There are 4 protein chains.
Amino acid sequence: MILLDFSAKTPIYEQIKEQVVFLVHKGVYAPDDKLPSIRTLAAELGVNVNTVKRAFSELEDGGVVYTQAGKGVFVSKGAILNEELKEKALSDVKVSVCSAISMGVKKDEFLILIEELFDNI
Amino acid sequence: MILLDFSAKTPIYEQIKEQVVFLVHKGVYAPDDKLPSIRTLAAELGVNVNTVKRAFSELEDGGVVYTQAGKGVFVSKGAILNEELKEKALSDVKVSVCSAISMGVKKDEFLILIEELFDNI
Amino acid sequence: MILLDFSAKTPIYEQIKEQVVFLVHKGVYAPDDKLPSIRTLAAELGVNVNTVKRAFSELEDGGVVYTQAGKGVFVSKGAILNEELKEKALSDVKVSVCSAISMGVKKDEFLILIEELFDNI
Amino acid sequence: MILLDFSAKTPIYEQIKEQVVFLVHKGVYAPDDKLPSIRTLAAELGVNVNTVKRAFSELEDGGVVYTQAGKGVFVSKGAILNEELKEKALSDVKVSVCSAISMGVKKDEFLILIEELFDNI
DNA sequence: GTGGTCTAGACCACC
DNA sequence: GTGGTCTAGACCACG
């Protein structure tokens, strides 16, 4: 299931992308599984069709999914290794950590936060 | 000194805000110190007056600075202890880390990144 | 309908803020209703886009409305119960009444003024 | 004693005017009493001489004080009856009360507030 | 079409 | 000199 935060700063299509990638990593969608159709997903999420289309299109550019015209959108075999998205995510972490450091957050606080997050998985 | 990255995705006024907060935390500006006038700073940064104004205005909303019309903008006494900003920054880190985890980033990668950032200070 | 007094001392964006809050309290705009777009409203009021934008932006800070970029500005669910705004308004009354008292205004004059204002509603 | 709120929205010279009027009404300064010199008062308040000068100048226009060149500024005999300032103060109350009404403040709340203020005198 | 950001001007009140 | 408000444009990302 995909949940969107419409009030968030991150664009809707980015949220969709991230959550699809997440679901693939989690194994909810295996390679060659068919994703929900663009129109179905758009209806479920209460979102414009173009928004889902953009998300899927960029996922395809990133090699996470592939499209078969008239059939649907499927998970790529190499999806798990998508380095581009991973790099971007790490870069975002770097930015937010830098910002937090400038607010006076100490190293220990980061380490604790990361431990907590990994414990909750 | 404030440095701007005009090609960054983060708005200029946000960059100014962050760096002012950083300078205050570093002690470059002490409580009740006068910040450069918005016009002076705008000229130095090669930026529009309104952009600096917005940055200062939002810093005022956040309790980091206070304004005396006709006099200038000054650092608040409680600015150093502003826990709210710190909490928000940590929350942002949490979000970005969660996102990165879902992209497949492993715990070690976070730890390395944090070590690197603290080494560079 | 929003009416502006361009010759008033109170800034235009403050007038817009007050009247939107008033309309929300009156129930003209219910929670999750979409407000007029900033461009439409600016055109209707004969005012600059940025002025309306500032009004909406500050209403968002105050929790009266929320924004979905690319969609519009909507009334918050908790807007009607916003005690903070009420407290601030009462505080402003207190200040002005104190000032008036020091000018020699008697208690009866306040009571008469309040009666008149409530009669006109 | 005059106390200023530099962070307030009301201009410094208005605050000085109001407090002088208040002190006169309270009887701290009687008719023909000499007020502190402009420079003395400016120094005490940590304020620019021009600011005090403006306050006194407008008080003189309003008939609250009169100036004797080379001697000083003195309280007028008719100061207690200054209707102009009183009208302005009442007008300010009206504005703030209107604003508060639109925020949902009820009549009783105003009456209670006024009772409280008059009890504290 | 929507809001978000930014620019380059302007005028005003205050200090 | 300072900040506060406002205008009339512009470009961008998003839906």
# chains A, B, ... in the order shown; residues from 1 in each chain; ligands from 1
call {"tool": "calpha_fit_and_write", "arguments": {"fixed": "chain C", "moving": "chain D", "output": "PDB file with C-alpha atoms, in the first residue's frame"}}
result
ATOM      1  CA  MET D   1     -16.261  39.502  -0.204  1.00  0.00           C
ATOM      2  CA  ILE D   2     -13.071  41.089   1.026  1.00  0.00           C
ATOM      3  CA  LEU D   3     -12.764  44.835   1.393  1.00  0.00           C
ATOM      4  CA  LEU D   4      -9.426  46.549   1.890  1.00  0.00           C
ATOM      5  CA  ASP D   5      -8.586  49.910   3.357  1.00  0.00           C
ATOM      6  CA  PHE D   6      -5.431  51.001   1.581  1.00  0.00           C
ATOM      7  CA  SER D   7      -5.079  54.069   3.739  1.00  0.00           C
ATOM      8  CA  ALA D   8      -5.185  52.096   6.970  1.00  0.00           C
ATOM      9  CA  LYS D   9      -2.176  51.586   9.150  1.00  0.00           C
ATOM     10  CA  THR D  10      -2.650  47.808   9.198  1.00  0.00           C
ATOM     11  CA  PRO D  11      -0.791  46.113   6.348  1.00  0.00           C
ATOM     12  CA  ILE D  12      -2.789  44.799   3.425  1.00  0.00           C
ATOM     13  CA  TYR D  13      -1.744  41.211   4.057  1.00  0.00           C
ATOM     14  CA  GLU D  14      -2.960  41.492   7.669  1.00  0.00           C
ATOM     15  CA  GLN D  15      -6.310  42.796   6.473  1.00  0.00           C
ATOM     16  CA  ILE D  16      -6.619  39.873   4.094  1.00  0.00           C
ATOM     17  CA  LYS D  17      -5.711  37.427   6.856  1.00  0.00           C
ATOM     18  CA  GLU D  18      -8.249  38.897   9.246  1.00  0.00           C
ATOM     19  CA  GLN D  19     -11.041  38.853   6.712  1.00  0.00           C
ATOM     20  CA  VAL D  20     -10.368  35.310   5.609  1.00  0.00           C
ATOM     21  CA  VAL D  21     -10.457  34.230   9.262  1.00  0.00           C
ATOM     22  CA  PHE D  22     -13.654  36.188   9.679  1.00  0.00           C
ATOM     23  CA  LEU D  23     -15.278  34.550   6.658  1.00  0.00           C
ATOM     24  CA  VAL D  24     -14.288  31.142   7.944  1.00  0.00           C
ATOM     25  CA  HIS D  25     -15.768  31.903  11.348  1.00  0.00           C
ATOM     26  CA  LYS D  26     -18.937  33.145   9.700  1.00  0.00           C
ATOM     27  CA  GLY D  27     -19.175  29.854   7.854  1.00  0.00           C
ATOM     28  CA  VAL D  28     -18.885  31.423   4.408  1.00  0.00           C
ATOM     29  CA  TYR D  29     -15.978  29.064   3.931  1.00  0.00           C
ATOM     30  CA  ALA D  30     -16.380  25.636   5.505  1.00  0.00           C
ATOM     31  CA  PRO D  31     -13.518  23.222   6.247  1.00  0.00           C
ATOM     32  CA  ASP D  32     -11.997  21.781   3.050  1.00  0.00           C
ATOM     33  CA  ASP D  33     -13.595  24.485   0.945  1.00  0.00           C
ATOM     34  CA  LYS D  34     -11.274  25.862  -1.680  1.00  0.00           C
ATOM     35  CA  LEU D  35     -10.347  29.522  -1.380  1.00  0.00           C
ATOM     36  CA  PRO D  36     -10.000  31.699  -4.493  1.00  0.00           C
ATOM     37  CA  SER D  37      -6.648  31.286  -6.168  1.00  0.00           C
ATOM     38  CA  ILE D  38      -3.927  33.670  -5.188  1.00  0.00           C
ATOM     39  CA  ARG D  39      -3.861  35.281  -8.599  1.00  0.00           C
ATOM     40  CA  THR D  40      -7.627  35.565  -8.849  1.00  0.00           C
ATOM     41  CA  LEU D  41      -7.877  37.151  -5.437  1.00  0.00           C
ATOM     42  CA  ALA D  42      -4.977  39.483  -6.145  1.00  0.00           C
ATOM     43  CA  ALA D  43      -6.664  40.632  -9.321  1.00  0.00           C
ATOM     44  CA  GLU D  44     -10.018  41.130  -7.600  1.00  0.00           C
ATOM     45  CA  LEU D  45      -8.479  43.145  -4.798  1.00  0.00           C
ATOM     46  CA  GLY D  46      -6.193  45.156  -7.060  1.00  0.00           C
ATOM     47  CA  VAL D  47      -3.246  43.984  -5.053  1.00  0.00           C
ATOM     48  CA  ASN D  48       0.139  42.479  -5.708  1.00  0.00           C
ATOM     49  CA  VAL D  49       0.272  38.691  -5.944  1.00  0.00           C
ATOM     50  CA  ASN D  50       3.001  38.601  -3.306  1.00  0.00           C
ATOM     51  CA  THR D  51       0.712  40.314  -0.837  1.00  0.00           C
ATOM     52  CA  VAL D  52      -1.975  37.649  -1.130  1.00  0.00           C
ATOM     53  CA  LYS D  53       0.698  34.974  -1.119  1.00  0.00           C
ATOM     54  CA  ARG D  54       2.034  36.285   2.181  1.00  0.00           C
ATOM     55  CA  ALA D  55      -1.419  36.402   3.724  1.00  0.00           C
ATOM     56  CA  PHE D  56      -2.171  32.809   2.719  1.00  0.00           C
ATOM     57  CA  SER D  57       1.275  31.692   3.757  1.00  0.00           C
ATOM     58  CA  GLU D  58       0.840  33.102   7.248  1.00  0.00           C
ATOM     59  CA  LEU D  59      -2.648  31.674   7.479  1.00  0.00           C
ATOM     60  CA  GLU D  60      -1.148  28.309   6.644  1.00  0.00           C
ATOM     61  CA  ASP D  61       1.481  28.786   9.365  1.00  0.00           C
ATOM     62  CA  GLY D  62      -1.365  29.539  11.734  1.00  0.00           C
ATOM     63  CA  GLY D  63      -3.207  26.389  10.758  1.00  0.00           C
ATOM     64  CA  VAL D  64      -6.155  28.224   9.260  1.00  0.00           C
ATOM     65  CA  VAL D  65      -5.650  26.906   5.738  1.00  0.00           C
ATOM     66  CA  TYR D  66      -3.599  24.244   4.021  1.00  0.00           C
ATOM     67  CA  THR D  67      -2.080  24.228   0.556  1.00  0.00           C
ATOM     68  CA  GLN D  68      -2.136  21.513  -2.051  1.00  0.00           C
ATOM     69  CA  ALA D  69       0.447  22.308  -4.668  1.00  0.00           C
ATOM     70  CA  GLY D  70      -1.126  22.698  -8.059  1.00  0.00           C
ATOM     71  CA  LYS D  71      -4.628  22.438  -6.639  1.00  0.00           C
ATOM     72  CA  GLY D  72      -5.171  25.431  -4.426  1.00  0.00           C
ATOM     73  CA  VAL D  73      -5.589  26.619  -0.882  1.00  0.00           C
ATOM     74  CA  PHE D  74      -8.208  25.014   1.373  1.00  0.00           C
ATOM     75  CA  VAL D  75      -9.739  25.751   4.742  1.00  0.00           C
ATOM     76  CA  SER D  76      -8.345  23.624   7.582  1.00  0.00           C
ATOM     77  CA  LYS D  77     -10.646  21.495   9.728  1.00  0.00           C
ATOM     78  CA  GLY D  78      -9.258  22.988  12.942  1.00  0.00           C
ATOM     79  CA  ALA D  79      -9.451  26.539  11.679  1.00  0.00           C
ATOM     80  CA  ILE D  80     -12.203  27.570  14.041  1.00  0.00           C
ATOM     81  CA  LEU D  81     -10.027  27.006  17.075  1.00  0.00           C
ATOM     82  CA  ASN D  82      -7.041  29.081  16.060  1.00  0.00           C
ATOM     83  CA  GLU D  83      -5.965  30.444  19.409  1.00  0.00           C
ATOM     84  CA  GLU D  84      -2.906  32.308  18.226  1.00  0.00           C
ATOM     85  CA  LEU D  85      -4.812  34.816  16.125  1.00  0.00           C
ATOM     86  CA  LYS D  86      -7.359  35.221  18.868  1.00  0.00           C
ATOM     87  CA  GLU D  87      -4.691  36.017  21.428  1.00  0.00           C
ATOM     88  CA  LYS D  88      -3.148  38.584  19.148  1.00  0.00           C
ATOM     89  CA  ALA D  89      -6.510  40.215  18.549  1.00  0.00           C
ATOM     90  CA  LEU D  90      -7.225  40.388  22.280  1.00  0.00           C
ATOM     91  CA  SER D  91      -3.784  41.859  22.878  1.00  0.00           C
ATOM     92  CA  ASP D  92      -4.522  44.566  20.330  1.00  0.00           C
ATOM     93  CA  VAL D  93      -7.768  45.347  22.112  1.00  0.00           C
ATOM     94  CA  LYS D  94      -5.877  45.634  25.377  1.00  0.00           C
ATOM     95  CA  VAL D  95      -3.431  48.150  23.916  1.00  0.00           C
ATOM     96  CA  SER D  96      -6.140  50.307  22.404  1.00  0.00           C
ATOM     97  CA  VAL D  97      -8.231  50.202  25.570  1.00  0.00           C
ATOM     98  CA  CYS D  98      -5.225  51.233  27.677  1.00  0.00           C
ATOM     99  CA  SER D  99      -4.629  54.125  25.334  1.00  0.00           C
ATOM    100  CA  ALA D 100      -8.275  55.163  25.519  1.00  0.00           C
ATOM    101  CA  ILE D 101      -8.279  54.970  29.316  1.00  0.00           C
ATOM    102  CA  SER D 102      -5.366  57.383  29.412  1.00  0.00           C
ATOM    103  CA  MET D 103      -7.439  59.738  27.248  1.00  0.00           C
ATOM    104  CA  GLY D 104     -10.108  59.811  29.894  1.00  0.00           C
ATOM    105  CA  VAL D 105     -12.554  57.246  28.552  1.00  0.00           C
ATOM    106  CA  LYS D 106     -14.605  55.764  31.386  1.00  0.00           C
ATOM    107  CA  LYS D 107     -15.511  52.114  31.980  1.00  0.00           C
ATOM    108  CA  ASP D 108     -19.148  52.634  31.070  1.00  0.00           C
ATOM    109  CA  GLU D 109     -18.219  53.966  27.668  1.00  0.00           C
ATOM    110  CA  PHE D 110     -16.362  50.759  26.882  1.00  0.00           C
ATOM    111  CA  LEU D 111     -19.239  48.596  28.057  1.00  0.00           C
ATOM    112  CA  ILE D 112     -21.716  50.548  25.954  1.00  0.00           C
ATOM    113  CA  LEU D 113     -19.472  50.282  22.911  1.00  0.00           C
ATOM    114  CA  ILE D 114     -19.166  46.537  23.299  1.00  0.00           C
ATOM    115  CA  GLU D 115     -22.914  46.116  23.757  1.00  0.00           C
ATOM    116  CA  GLU D 116     -23.521  48.097  20.598  1.00  0.00           C
ATOM    117  CA  LEU D 117     -21.082  46.064  18.560  1.00  0.00           C
ATOM    118  CA  PHE D 118     -22.613  42.777  19.661  1.00  0.00           C
ATOM    119  CA  ASP D 119     -26.112  44.067  18.972  1.00  0.00           C
ATOM    120  CA  ASN D 120     -25.152  44.844  15.388  1.00  0.00           C
ATOM    121  CA  ILE D 121     -24.076  41.315  14.599  1.00  0.00           C
TER     122      ILE D 121
END
call {"tool": "interface_residues", "arguments": {"of": "chain E", "to": "chain C", "cutoff": "9 Å", "atoms": "only C-alpha atoms (C1' of nucleotides)", "output": "VMD selection string"}}
result
chain E and resid 1 to 4
call {"tool": "atom_distance", "arguments": {"atom1": "atom C1' of F:DA13", "atom2": "atom C1' of E:DA8"}}
result
23.4 Å
call {"tool": "select_by_dssp", "arguments": {"residues": "stretch 61-104 of chain D", "states": "helix (DSSP H, G or I)", "output": "ChimeraX atom specification"}}
result
/D:61,77-81,83-102
call {"tool": "select_by_dssp", "arguments": {"residues": "chain B", "states": "strand (DSSP E)", "output": "NGL selection string"}}
result
:B and (65-68 or 72-75)
call {"tool": "closest_atom_pairs", "arguments": {"of": "chain F", "to": "chain C", "cutoff": "8 Å", "atoms": "only C-alpha atoms (C1' of nucleotides)", "output": "tab-separated table"}}
result
residue	atom	partner	partner_atom	distance
F:DT5	C1'	C:Pro11	CA	7.1
F:DC6	C1'	C:Thr51	CA	7.2
F:DT7	C1'	C:Asn48	CA	6.3
F:DA8	C1'	C:Asn48	CA	7.9
F:DC14	C1'	C:Gly70	CA	5.3
F:DG15	C1'	C:Gly70	CA	5.8
